[in-house]
file data11.cif (mmCIF, C-alpha atoms)
data_start
loop_
_atom_site.label_atom_id
_atom_site.label_comp_id
_atom_site.auth_asym_id
_atom_site.auth_seq_id
_atom_site.Cartn_x
_atom_site.Cartn_y
_atom_site.Cartn_z
CA SER A 1 -0.62 -188.07 -96.75
CA SER A 2 0.58 -191.47 -97.90
CA ARG A 3 1.80 -192.26 -94.36
CA ARG A 4 -1.63 -191.54 -92.89
CA THR A 5 -3.18 -193.72 -95.60
CA VAL A 6 -0.85 -196.60 -94.73
CA ARG A 7 -1.62 -196.24 -91.02
CA ARG A 8 -5.36 -196.18 -91.70
CA SER A 9 -4.89 -199.35 -93.77
CA ARG A 10 -3.04 -201.05 -90.93
CA ARG A 11 -5.69 -200.02 -88.40
CA ALA A 12 -8.37 -201.42 -90.68
CA ALA A 13 -6.44 -204.68 -90.98
CA VAL A 14 -6.10 -204.94 -87.19
CA ALA A 15 -9.82 -204.28 -86.80
CA GLU A 16 -10.61 -206.96 -89.38
CA LEU A 17 -8.38 -209.42 -87.56
CA GLY A 18 -10.11 -208.59 -84.31
CA LYS A 19 -13.44 -209.67 -85.79
CA HIS A 20 -12.02 -213.10 -86.55
CA GLY A 21 -9.70 -213.50 -83.55
CA GLY A 22 -12.03 -215.84 -81.71
CA SER A 23 -12.99 -218.01 -84.65
CA GLY A 24 -10.32 -220.62 -83.85
CA SER A 25 -9.35 -220.94 -87.53
CA THR A 26 -6.68 -219.23 -89.56
CA GLY A 27 -6.78 -221.69 -92.41
CA SER A 28 -4.01 -223.12 -94.51
CA THR A 29 -2.22 -221.19 -97.18
CA SER A 30 -2.09 -221.83 -100.88
CA GLY A 31 0.38 -221.03 -103.60
CA GLY A 32 4.15 -221.27 -103.96
CA GLY A 33 6.36 -220.73 -100.97
CA GLU A 34 3.60 -221.66 -98.53
CA VAL A 35 4.45 -222.44 -94.94
CA ASP A 36 2.18 -225.21 -93.77
CA GLY A 37 0.01 -224.33 -90.84
CA GLY A 38 0.84 -226.79 -88.11
CA GLU A 39 1.45 -224.03 -85.57
CA GLY A 40 -1.62 -222.01 -86.25
CA GLY A 41 -3.29 -223.23 -89.39
CA GLY A 42 -5.66 -226.04 -90.08
CA GLY A 43 -8.62 -226.13 -92.34
CA GLY A 44 -11.82 -224.33 -91.67
CA GLU A 45 -13.29 -221.18 -93.06
CA GLY A 46 -11.14 -220.52 -96.11
CA GLY A 47 -8.16 -219.10 -94.27
CA LEU A 48 -7.70 -215.58 -92.91
CA VAL A 49 -3.92 -215.26 -92.58
CA GLU A 50 -1.41 -216.72 -95.01
CA VAL A 51 2.27 -217.36 -94.33
CA HIS A 52 4.76 -217.59 -97.18
CA VAL A 53 8.51 -217.80 -97.43
CA HIS A 54 9.76 -214.43 -98.64
CA GLY A 55 13.49 -214.66 -99.26
CA PRO A 56 15.19 -215.24 -95.89
CA LEU A 57 12.03 -214.18 -94.02
CA LEU A 58 8.43 -215.25 -93.58
CA ARG A 59 5.61 -212.99 -94.80
CA LEU A 60 2.21 -212.97 -93.11
CA SER A 61 -0.70 -211.36 -94.93
CA LEU A 62 -4.47 -211.33 -95.08
CA SER A 63 -5.70 -213.91 -97.55
CA SER A 64 -8.44 -211.48 -98.57
CA ALA A 65 -5.84 -208.90 -99.63
CA PRO A 66 -2.96 -210.68 -101.41
CA GLY A 67 -0.06 -208.32 -102.04
CA GLY A 68 -1.57 -205.78 -99.65
CA THR A 69 -1.11 -205.34 -95.91
CA HIS A 70 1.56 -207.68 -94.60
CA VAL A 71 4.38 -208.12 -92.09
CA ASP A 72 7.73 -209.86 -92.43
CA VAL A 73 9.50 -211.80 -89.69
CA SER A 74 12.53 -214.05 -89.47
CA HIS A 75 12.06 -217.80 -89.10
CA GLU A 76 13.76 -217.61 -85.69
CA HIS A 77 11.43 -214.92 -84.38
CA TYR A 78 8.34 -216.67 -85.73
CA ALA A 79 9.39 -219.84 -83.92
CA LYS A 80 9.90 -217.80 -80.74
CA LEU A 81 6.42 -216.28 -81.07
CA ALA A 82 4.93 -219.74 -81.65
CA ALA A 83 6.61 -221.05 -78.50
CA LEU A 84 5.42 -218.09 -76.42
CA HIS A 85 1.89 -218.46 -77.80
CA ALA A 86 1.85 -222.19 -77.03
CA LYS A 87 2.82 -221.42 -73.44
CA HIS A 88 0.55 -218.46 -72.75
CA ALA A 89 -2.46 -219.07 -75.01
CA PRO A 90 -2.61 -222.86 -75.49
CA SER A 91 -6.42 -222.95 -75.59
CA VAL A 92 -6.46 -220.79 -78.73
CA ALA A 93 -3.51 -222.32 -80.58
CA GLY A 94 -5.39 -222.13 -83.87
CA ASN A 95 -5.16 -218.34 -83.75
CA LEU A 96 -1.37 -218.09 -83.86
CA ARG A 97 -1.10 -216.54 -87.33
CA THR A 98 -3.93 -214.10 -86.68
CA ARG A 99 -2.42 -213.02 -83.38
CA VAL A 100 1.09 -212.65 -84.82
CA LEU A 101 -0.14 -210.50 -87.70
CA CYS A 102 -2.30 -208.34 -85.46
CA MET A 103 0.51 -207.81 -82.95
CA MET A 104 3.10 -207.04 -85.60
CA LEU A 105 0.87 -204.59 -87.44
CA ARG A 106 0.43 -202.76 -84.13
CA TYR A 107 4.16 -202.29 -83.69
CA GLN A 108 4.77 -201.68 -87.38
CA SER A 109 2.31 -198.78 -87.27
CA LEU A 110 4.55 -197.02 -84.74
CA GLY A 111 7.19 -196.69 -87.44
CA ALA A 112 9.98 -196.27 -84.88
CA HIS A 113 12.30 -199.26 -84.65
CA GLY A 114 14.74 -197.11 -82.67
CA ASN A 115 12.32 -197.20 -79.75
CA GLN A 116 12.31 -201.01 -79.78
CA CYS A 117 16.02 -201.63 -79.21
CA ALA A 118 17.03 -204.06 -76.48
CA LEU A 119 20.09 -204.86 -74.43
CA PRO A 120 22.43 -207.40 -76.01
CA PRO A 121 22.50 -210.92 -74.53
CA ALA A 122 25.75 -210.23 -72.67
CA GLY A 123 24.15 -207.25 -70.93
CA PHE A 124 21.17 -209.30 -69.81
CA GLU A 125 23.49 -212.01 -68.51
CA VAL A 126 25.39 -209.53 -66.34
CA LEU A 127 22.12 -208.23 -64.90
CA ARG A 128 20.94 -211.78 -64.23
CA GLN A 129 24.15 -212.77 -62.49
CA ARG A 130 24.58 -209.59 -60.44
CA LEU A 131 20.98 -208.59 -59.74
CA GLY A 132 18.92 -211.71 -60.38
CA ILE A 133 16.97 -210.00 -63.17
CA ARG A 134 14.69 -212.16 -65.32
CA PHE A 135 12.04 -209.60 -66.27
CA GLU A 136 11.87 -206.54 -68.54
CA CYS A 137 9.67 -203.55 -67.75
CA PHE A 138 9.65 -202.35 -71.36
CA ALA A 139 9.68 -205.02 -74.05
CA SER A 140 7.57 -206.47 -76.85
CA PRO A 141 6.87 -210.01 -78.03
CA LEU A 142 9.47 -209.43 -80.74
CA ASN A 143 12.38 -208.32 -78.57
CA ALA A 144 11.63 -209.80 -75.13
CA ARG A 145 14.37 -211.97 -73.67
CA TYR A 146 12.16 -213.66 -71.09
CA ASP A 147 8.72 -215.21 -71.40
CA ARG A 148 7.13 -212.71 -68.99
CA TYR A 149 7.53 -208.95 -69.41
CA CYS A 150 5.68 -205.64 -69.59
CA SER A 151 4.79 -204.16 -72.97
CA ALA A 152 2.82 -201.33 -74.51
CA PHE A 153 -0.18 -203.28 -75.80
CA ALA A 154 -1.70 -205.86 -73.49
CA ASP A 155 -4.54 -206.66 -75.89
CA THR A 156 -2.28 -207.89 -78.69
CA ASP A 157 0.73 -208.97 -76.58
CA ALA A 158 -0.82 -211.00 -73.75
CA ALA A 159 -0.99 -214.15 -75.86
CA PHE A 160 2.82 -213.93 -76.13
CA GLY A 161 3.54 -213.46 -72.42
CA SER A 162 3.02 -209.74 -71.75
CA ILE A 163 1.41 -208.80 -68.45
CA GLY A 164 0.56 -205.31 -69.72
CA SER A 165 1.98 -201.83 -69.29
CA PHE A 166 4.74 -201.09 -66.80
CA PHE A 167 2.63 -198.21 -65.57
CA GLY A 168 -0.01 -200.67 -64.42
CA PHE A 169 2.57 -203.04 -62.93
CA ARG A 170 2.82 -202.93 -59.12
CA PRO A 171 5.36 -205.43 -57.79
CA THR A 172 6.21 -205.37 -54.10
CA HIS A 173 9.44 -207.33 -54.47
CA GLY A 174 11.74 -208.63 -57.18
CA SER A 175 14.45 -207.37 -59.49
CA PHE A 176 13.68 -205.82 -62.88
CA GLU A 177 15.41 -204.36 -65.95
CA CYS A 178 14.03 -201.01 -67.10
CA ASN A 179 15.08 -199.76 -70.55
CA PRO A 180 12.19 -197.48 -71.63
CA PRO A 181 11.77 -196.01 -75.11
CA PHE A 182 14.03 -193.00 -75.47
CA VAL A 183 11.18 -190.51 -75.19
CA PRO A 184 11.81 -187.92 -72.42
CA GLU A 185 8.27 -187.95 -71.07
CA VAL A 186 8.15 -191.77 -70.96
CA LEU A 187 11.59 -191.94 -69.33
CA LEU A 188 10.57 -189.49 -66.61
CA ALA A 189 7.28 -191.27 -65.96
CA ALA A 190 9.13 -194.60 -65.71
CA VAL A 191 11.57 -193.31 -63.09
CA LYS A 192 8.75 -191.74 -61.06
CA HIS A 193 6.65 -194.91 -61.22
CA ALA A 194 9.61 -197.00 -60.07
CA GLU A 195 10.23 -194.57 -57.19
CA ALA A 196 6.59 -194.80 -56.10
CA LEU A 197 6.81 -198.59 -56.09
CA LEU A 198 10.09 -198.46 -54.17
CA SER A 199 8.58 -196.14 -51.56
CA ALA A 200 5.74 -198.58 -50.95
CA ALA A 201 8.10 -201.57 -50.86
CA GLU A 202 10.47 -199.79 -48.47
CA ALA A 203 7.61 -199.18 -46.08
CA SER A 204 6.70 -202.87 -46.08
CA GLY A 205 10.28 -204.16 -46.01
CA GLY A 206 10.15 -205.58 -49.52
CA ALA A 207 13.27 -206.29 -51.57
CA LEU A 208 12.54 -204.37 -54.79
CA SER A 209 15.13 -203.36 -57.39
CA PHE A 210 15.12 -201.64 -60.80
CA ALA A 211 18.15 -201.44 -63.09
CA PHE A 212 17.62 -198.49 -65.44
CA VAL A 213 19.43 -198.22 -68.77
CA VAL A 214 18.75 -194.80 -70.27
CA PRO A 215 20.42 -192.29 -72.59
CA SER A 216 22.85 -189.88 -70.90
CA TRP A 217 20.78 -186.79 -71.66
CA GLU A 218 22.01 -184.98 -68.59
CA ARG A 219 19.95 -181.81 -69.04
CA VAL A 220 16.65 -183.62 -69.43
CA PRO A 221 14.45 -183.99 -66.29
CA PHE A 222 14.34 -187.79 -66.25
CA HIS A 223 18.13 -187.93 -65.94
CA HIS A 224 18.11 -185.60 -62.93
CA GLN A 225 15.30 -187.66 -61.40
CA LEU A 226 17.25 -190.89 -61.77
CA CYS A 227 20.65 -189.63 -60.67
CA ARG A 228 19.27 -187.82 -57.61
CA SER A 229 16.87 -190.51 -56.49
CA ALA A 230 16.92 -191.41 -52.82
CA PHE A 231 16.88 -195.06 -53.92
CA LEU A 232 20.01 -194.87 -56.09
CA ARG A 233 22.62 -197.39 -54.94
CA GLY A 234 26.31 -197.77 -55.60
CA GLY A 235 27.19 -194.09 -55.77
CA ALA A 236 27.11 -192.31 -59.11
CA PRO A 237 25.45 -194.20 -61.99
CA LEU A 238 27.63 -195.97 -64.52
CA ARG A 239 28.14 -194.01 -67.74
CA LEU A 240 28.98 -195.81 -71.00
CA ALA A 241 30.38 -193.91 -73.98
CA ALA A 242 28.33 -194.34 -77.15
CA GLU A 243 31.13 -196.02 -79.08
CA ALA A 244 31.84 -198.42 -76.21
CA HIS A 245 28.52 -200.26 -76.26
CA GLY A 246 25.54 -201.13 -78.40
CA PHE A 247 22.01 -202.47 -78.49
CA VAL A 248 20.11 -205.13 -80.38
CA ASP A 249 18.36 -203.39 -83.26
CA GLY A 250 14.66 -202.67 -82.90
CA ALA A 251 14.19 -204.30 -86.30
CA GLN A 252 15.93 -207.49 -85.19
CA HIS A 253 12.96 -209.58 -86.32
CA LEU A 254 13.67 -208.47 -89.92
CA LYS A 255 17.31 -209.58 -89.82
CA ALA A 256 17.76 -213.26 -90.59
CA ALA A 257 21.41 -213.32 -89.47
CA ALA A 258 21.96 -212.86 -85.72
CA GLY A 259 25.24 -211.06 -86.43
CA ASP A 260 23.37 -208.28 -88.23
CA ARG A 261 21.18 -207.41 -85.26
CA LEU A 262 23.64 -205.46 -83.11
CA ARG A 263 24.05 -201.70 -83.57
CA VAL A 264 26.39 -199.21 -81.94
CA SER A 265 24.54 -196.93 -79.56
CA SER A 266 23.60 -193.50 -80.86
CA PHE A 267 24.14 -191.97 -77.42
CA ALA A 268 26.13 -192.45 -74.27
CA SER A 269 24.11 -194.48 -71.78
CA THR A 270 23.54 -194.17 -68.04
CA VAL A 271 23.02 -197.28 -65.92
CA GLY A 272 21.49 -196.61 -62.51
CA VAL A 273 20.19 -199.12 -59.96
CA LEU A 274 17.32 -198.06 -57.70
CA GLN A 275 16.72 -200.33 -54.70
CA THR A 276 15.04 -200.60 -51.34
CA ALA A 277 17.29 -201.28 -48.39
CA ALA A 278 16.28 -204.95 -48.38
CA ALA A 279 17.07 -205.26 -52.09
CA ALA A 280 20.48 -203.62 -51.59
CA GLU A 281 21.28 -206.35 -49.06
CA ARG A 282 20.03 -209.12 -51.32
CA TRP A 283 21.60 -207.80 -54.55
CA PRO A 284 24.55 -205.62 -53.48
#
call {"tool": "encode", "arguments": {"input": "data11.cif", "output": "structure tokens"}}
result
Amino acid sequence: SSRRTVRRSRRAAVAELGKHGGSGSTGSTSGGGEVDGGEGGGGGEGGLVEVHVHGPLLRLSLSSAPGGTHVDVSHEHYAKLAALHAKHAPSVAGNLRTRVLCMMLRYQSLGAHGNQCALPPAGFEVLRQRLGIRFECFASPLNARYDRYCSAFADTDAAFGSIGSFFGFRPTHGSFECNPPFVPEVLLAAVKHAEALLSAAEASGGALSFAFVVPSWERVPFHHQLCRSAFLRGGAPLRLAAEAHGFVDGAQHLKAAAGDRLRVSSFASTVGVLQTAAAAERWP
């Protein structure tokens, strides 16, 4: 099908980028609308990734395939990615464009922006103030609020601050936000992984806390697992009606205006906090 063809094309582009990822050169662009390559350009081997202004967005593409495989990103999000890259991969600064294109093609191939929604800034601020949260268990370089987080693809995301998958993350203390993709199997696995970590932390006296934000699908196993967890604090979880709250759109990086990035939730949401006893004392 045409969709399979597009995905094969994207995989081929990612593979091609991987061959050049360590070259240290992404080149400068040419032609109208060029964005000069101070962040990740420079001279060198003819240029692999080009960046052009494309209306209100930036467009990154392979210089060997003009008009072909590409990704678009807002100026604000590109600047954010450049700052994250400078912090977490300073020794390979010349690869910024290559790494951005490779990472974005990876997420673009999923074709599911709905699974990349994030809490709005006000929601994160409440969690920070009440629970000391400064870390997301499910994020991406494009939607992460903080400069350290877990994400699906460590190989393409590490240069932008990811420490890898939540399912390989084993903290013994700390406070974390957990808003997994709304996929029942992933949601259930996330709750069970958090409970396993909490069991180990409880045994060692660690203060460990997870604030889950999940859809209120009450007949689905993950919801039962969360609401009946031995680590659930504060009584029954908070339930938010769909029309009473929203999320930042999973395609926020394609929206130049910040005001266009919020979307009303498609479902009611459940907010449940799982904590060890020590965490409940520290973050009541």
call {"tool": "resolve_selection", "arguments": {"input": "data11.cif", "expression": "the PyMOL selection byres ((chain A and resi 274) around 7)", "output": "NGL selection string"}}
result
:A and (209-211 or 231-233 or 272-273 or 275)
call {"tool": "closest_residue", "arguments": {"input": "data11.cif", "among": "A:Val71, A:Ala268, A:Ala82, A:Ala236", "to": "A:Gln108", "atoms": "all atoms listed in the file"}}
result
A:Val71
call {"tool": "resolve_selection", "arguments": {"input": "data11.cif", "expression": "the PyMOL selection byres ((chain A and resi 119) around 9)", "output": "PDB file with C-alpha atoms, keeping the file's coordinate frame"}}
result
ATOM      1  CA  CYS A 117      16.020-201.630 -79.210  1.00  0.00           C
ATOM      2  CA  ALA A 118      17.030-204.060 -76.480  1.00  0.00           C
ATOM      3  CA  PRO A 120      22.430-207.400 -76.010  1.00  0.00           C
ATOM      4  CA  PRO A 121      22.500-210.920 -74.530  1.00  0.00           C
ATOM      5  CA  ALA A 122      25.750-210.230 -72.670  1.00  0.00           C
ATOM      6  CA  GLY A 123      24.150-207.250 -70.930  1.00  0.00           C
ATOM      7  CA  PHE A 124      21.170-209.300 -69.810  1.00  0.00           C
ATOM      8  CA  ASN A 179      15.080-199.760 -70.550  1.00  0.00           C
ATOM      9  CA  VAL A 213      19.430-198.220 -68.770  1.00  0.00           C
ATOM     10  CA  GLY A 246      25.540-201.130 -78.400  1.00  0.00           C
ATOM     11  CA  PHE A 247      22.010-202.470 -78.490  1.00  0.00           C
ATOM     12  CA  VAL A 248      20.110-205.130 -80.380  1.00  0.00           C
TER      13      VAL A 248
END
call {"tool": "closest_residue", "arguments": {"input": "data11.cif", "among": "A:Met103, A:Ser229, A:Ser175, A:Leu58", "to": "A:Gln129", "atoms": "all atoms listed in the file"}}
result
A:Ser175
call {"tool": "closest_residue", "arguments": {"input": "data11.cif", "among": "A:Cys178, A:Leu238, A:Ala139, A:Leu187", "to": "A:Gln225", "atoms": "only C-alpha atoms"}}
result
A:Leu187
call {"tool": "atom_distance", "arguments": {"input": "data11.cif", "atom1": "atom CA of A:Leu254", "atom2": "atom CA of A:Arg134"}}
result
24.9 Å
call {"tool": "decode", "arguments": {"input": "data11.cif", "residues": "stretch 121-161 of chain A", "atoms": "N, CA and C atoms", "output": "PDB file, in the first residue's frame"}}
result
ATOM      1  N   PRO A 121       1.075  23.012  30.488  1.00  0.00           N
ATOM      2  CA  PRO A 121       2.013  23.587  31.469  1.00  0.00           C
ATOM      3  C   PRO A 121       1.424  23.736  32.868  1.00  0.00           C
ATOM      4  N   ALA A 122       0.165  24.136  32.960  1.00  0.00           N
ATOM      5  CA  ALA A 122      -0.450  24.319  34.276  1.00  0.00           C
ATOM      6  C   ALA A 122      -0.517  23.007  35.046  1.00  0.00           C
ATOM      7  N   GLY A 123      -0.772  21.908  34.325  1.00  0.00           N
ATOM      8  CA  GLY A 123      -0.807  20.599  34.977  1.00  0.00           C
ATOM      9  C   GLY A 123       0.548  20.199  35.513  1.00  0.00           C
ATOM     10  N   PHE A 124       1.598  20.430  34.723  1.00  0.00           N
ATOM     11  CA  PHE A 124       2.947  20.118  35.183  1.00  0.00           C
ATOM     12  C   PHE A 124       3.320  20.959  36.401  1.00  0.00           C
ATOM     13  N   GLU A 125       2.879  22.209  36.409  1.00  0.00           N
ATOM     14  CA  GLU A 125       3.222  23.093  37.523  1.00  0.00           C
ATOM     15  C   GLU A 125       2.568  22.615  38.818  1.00  0.00           C
ATOM     16  N   VAL A 126       1.335  22.142  38.737  1.00  0.00           N
ATOM     17  CA  VAL A 126       0.675  21.602  39.927  1.00  0.00           C
ATOM     18  C   VAL A 126       1.435  20.388  40.444  1.00  0.00           C
ATOM     19  N   LEU A 127       1.829  19.500  39.539  1.00  0.00           N
ATOM     20  CA  LEU A 127       2.574  18.308  39.949  1.00  0.00           C
ATOM     21  C   LEU A 127       3.930  18.675  40.553  1.00  0.00           C
ATOM     22  N   ARG A 128       4.559  19.715  40.008  1.00  0.00           N
ATOM     23  CA  ARG A 128       5.849  20.140  40.559  1.00  0.00           C
ATOM     24  C   ARG A 128       5.678  20.701  41.969  1.00  0.00           C
ATOM     25  N   GLN A 129       4.663  21.528  42.140  1.00  0.00           N
ATOM     26  CA  GLN A 129       4.459  22.164  43.435  1.00  0.00           C
ATOM     27  C   GLN A 129       4.012  21.175  44.504  1.00  0.00           C
ATOM     28  N   ARG A 130       3.105  20.259  44.137  1.00  0.00           N
ATOM     29  CA  ARG A 130       2.536  19.348  45.124  1.00  0.00           C
ATOM     30  C   ARG A 130       3.380  18.096  45.353  1.00  0.00           C
ATOM     31  N   LEU A 131       4.028  17.614  44.288  1.00  0.00           N
ATOM     32  CA  LEU A 131       4.718  16.326  44.371  1.00  0.00           C
ATOM     33  C   LEU A 131       6.198  16.395  44.006  1.00  0.00           C
ATOM     34  N   GLY A 132       6.686  17.586  43.727  1.00  0.00           N
ATOM     35  CA  GLY A 132       8.101  17.731  43.402  1.00  0.00           C
ATOM     36  C   GLY A 132       8.533  17.082  42.103  1.00  0.00           C
ATOM     37  N   ILE A 133       7.599  16.924  41.165  1.00  0.00           N
ATOM     38  CA  ILE A 133       7.883  16.197  39.921  1.00  0.00           C
ATOM     39  C   ILE A 133       8.629  17.085  38.923  1.00  0.00           C
ATOM     40  N   ARG A 134       9.723  16.553  38.409  1.00  0.00           N
ATOM     41  CA  ARG A 134      10.506  17.217  37.360  1.00  0.00           C
ATOM     42  C   ARG A 134      10.990  16.187  36.338  1.00  0.00           C
ATOM     43  N   PHE A 135      10.206  15.140  36.134  1.00  0.00           N
ATOM     44  CA  PHE A 135      10.643  14.058  35.242  1.00  0.00           C
ATOM     45  C   PHE A 135       9.404  13.351  34.697  1.00  0.00           C
ATOM     46  N   GLU A 136       9.429  13.071  33.386  1.00  0.00           N
ATOM     47  CA  GLU A 136       8.345  12.347  32.724  1.00  0.00           C
ATOM     48  C   GLU A 136       8.791  10.927  32.370  1.00  0.00           C
ATOM     49  N   CYS A 137       7.929   9.967  32.651  1.00  0.00           N
ATOM     50  CA  CYS A 137       8.238   8.568  32.331  1.00  0.00           C
ATOM     51  C   CYS A 137       7.913   8.217  30.889  1.00  0.00           C
ATOM     52  N   PHE A 138       7.081   9.002  30.252  1.00  0.00           N
ATOM     53  CA  PHE A 138       6.736   8.774  28.840  1.00  0.00           C
ATOM     54  C   PHE A 138       6.721  10.131  28.138  1.00  0.00           C
ATOM     55  N   ALA A 139       7.763  10.398  27.377  1.00  0.00           N
ATOM     56  CA  ALA A 139       7.861  11.667  26.660  1.00  0.00           C
ATOM     57  C   ALA A 139       8.634  11.439  25.372  1.00  0.00           C
ATOM     58  N   SER A 140       8.925  12.495  24.680  1.00  0.00           N
ATOM     59  CA  SER A 140       9.774  12.450  23.483  1.00  0.00           C
ATOM     60  C   SER A 140      10.552  13.758  23.447  1.00  0.00           C
ATOM     61  N   PRO A 141      11.600  13.844  22.637  1.00  0.00           N
ATOM     62  CA  PRO A 141      12.311  15.116  22.542  1.00  0.00           C
ATOM     63  C   PRO A 141      11.408  16.271  22.112  1.00  0.00           C
ATOM     64  N   LEU A 142      10.333  15.955  21.409  1.00  0.00           N
ATOM     65  CA  LEU A 142       9.450  16.996  20.890  1.00  0.00           C
ATOM     66  C   LEU A 142       8.475  17.518  21.930  1.00  0.00           C
ATOM     67  N   ASN A 143       8.053  16.661  22.873  1.00  0.00           N
ATOM     68  CA  ASN A 143       7.032  17.119  23.816  1.00  0.00           C
ATOM     69  C   ASN A 143       7.504  17.164  25.265  1.00  0.00           C
ATOM     70  N   ALA A 144       8.758  16.785  25.527  1.00  0.00           N
ATOM     71  CA  ALA A 144       9.245  16.749  26.901  1.00  0.00           C
ATOM     72  C   ALA A 144       9.263  18.141  27.520  1.00  0.00           C
ATOM     73  N   ARG A 145       8.848  18.218  28.771  1.00  0.00           N
ATOM     74  CA  ARG A 145       8.893  19.505  29.487  1.00  0.00           C
ATOM     75  C   ARG A 145      10.258  19.714  30.127  1.00  0.00           C
ATOM     76  N   TYR A 146      10.865  18.627  30.578  1.00  0.00           N
ATOM     77  CA  TYR A 146      12.145  18.733  31.278  1.00  0.00           C
ATOM     78  C   TYR A 146      13.265  18.180  30.401  1.00  0.00           C
ATOM     79  N   ASP A 147      14.508  18.444  30.813  1.00  0.00           N
ATOM     80  CA  ASP A 147      15.617  18.055  29.943  1.00  0.00           C
ATOM     81  C   ASP A 147      16.089  16.623  30.171  1.00  0.00           C
ATOM     82  N   ARG A 148      15.495  15.925  31.147  1.00  0.00           N
ATOM     83  CA  ARG A 148      15.706  14.494  31.324  1.00  0.00           C
ATOM     84  C   ARG A 148      14.353  13.805  31.399  1.00  0.00           C
ATOM     85  N   TYR A 149      14.218  12.662  30.756  1.00  0.00           N
ATOM     86  CA  TYR A 149      12.923  11.986  30.650  1.00  0.00           C
ATOM     87  C   TYR A 149      13.152  10.598  30.067  1.00  0.00           C
ATOM     88  N   CYS A 150      12.139   9.766  30.137  1.00  0.00           N
ATOM     89  CA  CYS A 150      12.152   8.475  29.443  1.00  0.00           C
ATOM     90  C   CYS A 150      11.411   8.629  28.125  1.00  0.00           C
ATOM     91  N   SER A 151      11.832   7.854  27.126  1.00  0.00           N
ATOM     92  CA  SER A 151      11.163   7.895  25.823  1.00  0.00           C
ATOM     93  C   SER A 151      11.268   6.534  25.153  1.00  0.00           C
ATOM     94  N   ALA A 152      10.597   6.398  24.033  1.00  0.00           N
ATOM     95  CA  ALA A 152      10.507   5.100  23.368  1.00  0.00           C
ATOM     96  C   ALA A 152      11.794   4.673  22.682  1.00  0.00           C
ATOM     97  N   PHE A 153      12.590   5.640  22.193  1.00  0.00           N
ATOM     98  CA  PHE A 153      13.710   5.291  21.318  1.00  0.00           C
ATOM     99  C   PHE A 153      15.017   5.901  21.829  1.00  0.00           C
ATOM    100  N   ALA A 154      15.730   5.148  22.638  1.00  0.00           N
ATOM    101  CA  ALA A 154      16.959   5.678  23.213  1.00  0.00           C
ATOM    102  C   ALA A 154      17.997   6.007  22.150  1.00  0.00           C
ATOM    103  N   ASP A 155      18.027   5.217  21.071  1.00  0.00           N
ATOM    104  CA  ASP A 155      19.080   5.416  20.070  1.00  0.00           C
ATOM    105  C   ASP A 155      18.975   6.769  19.375  1.00  0.00           C
ATOM    106  N   THR A 156      17.755   7.226  19.090  1.00  0.00           N
ATOM    107  CA  THR A 156      17.605   8.517  18.419  1.00  0.00           C
ATOM    108  C   THR A 156      17.349   9.667  19.402  1.00  0.00           C
ATOM    109  N   ASP A 157      16.935   9.349  20.633  1.00  0.00           N
ATOM    110  CA  ASP A 157      16.506  10.388  21.572  1.00  0.00           C
ATOM    111  C   ASP A 157      17.555  10.769  22.604  1.00  0.00           C
ATOM    112  N   ALA A 158      18.562   9.923  22.809  1.00  0.00           N
ATOM    113  CA  ALA A 158      19.530  10.170  23.881  1.00  0.00           C
ATOM    114  C   ALA A 158      20.257  11.490  23.704  1.00  0.00           C
ATOM    115  N   ALA A 159      20.522  11.872  22.469  1.00  0.00           N
ATOM    116  CA  ALA A 159      21.225  13.136  22.219  1.00  0.00           C
ATOM    117  C   ALA A 159      20.396  14.344  22.628  1.00  0.00           C
ATOM    118  N   PHE A 160      19.099  14.123  22.896  1.00  0.00           N
ATOM    119  CA  PHE A 160      18.209  15.211  23.302  1.00  0.00           C
ATOM    120  C   PHE A 160      17.736  15.039  24.747  1.00  0.00           C
ATOM    121  N   GLY A 161      18.420  14.186  25.518  1.00  0.00           N
ATOM    122  CA  GLY A 161      18.140  14.098  26.948  1.00  0.00           C
ATOM    123  C   GLY A 161      17.435  12.848  27.427  1.00  0.00           C
TER     124      GLY A 161
END
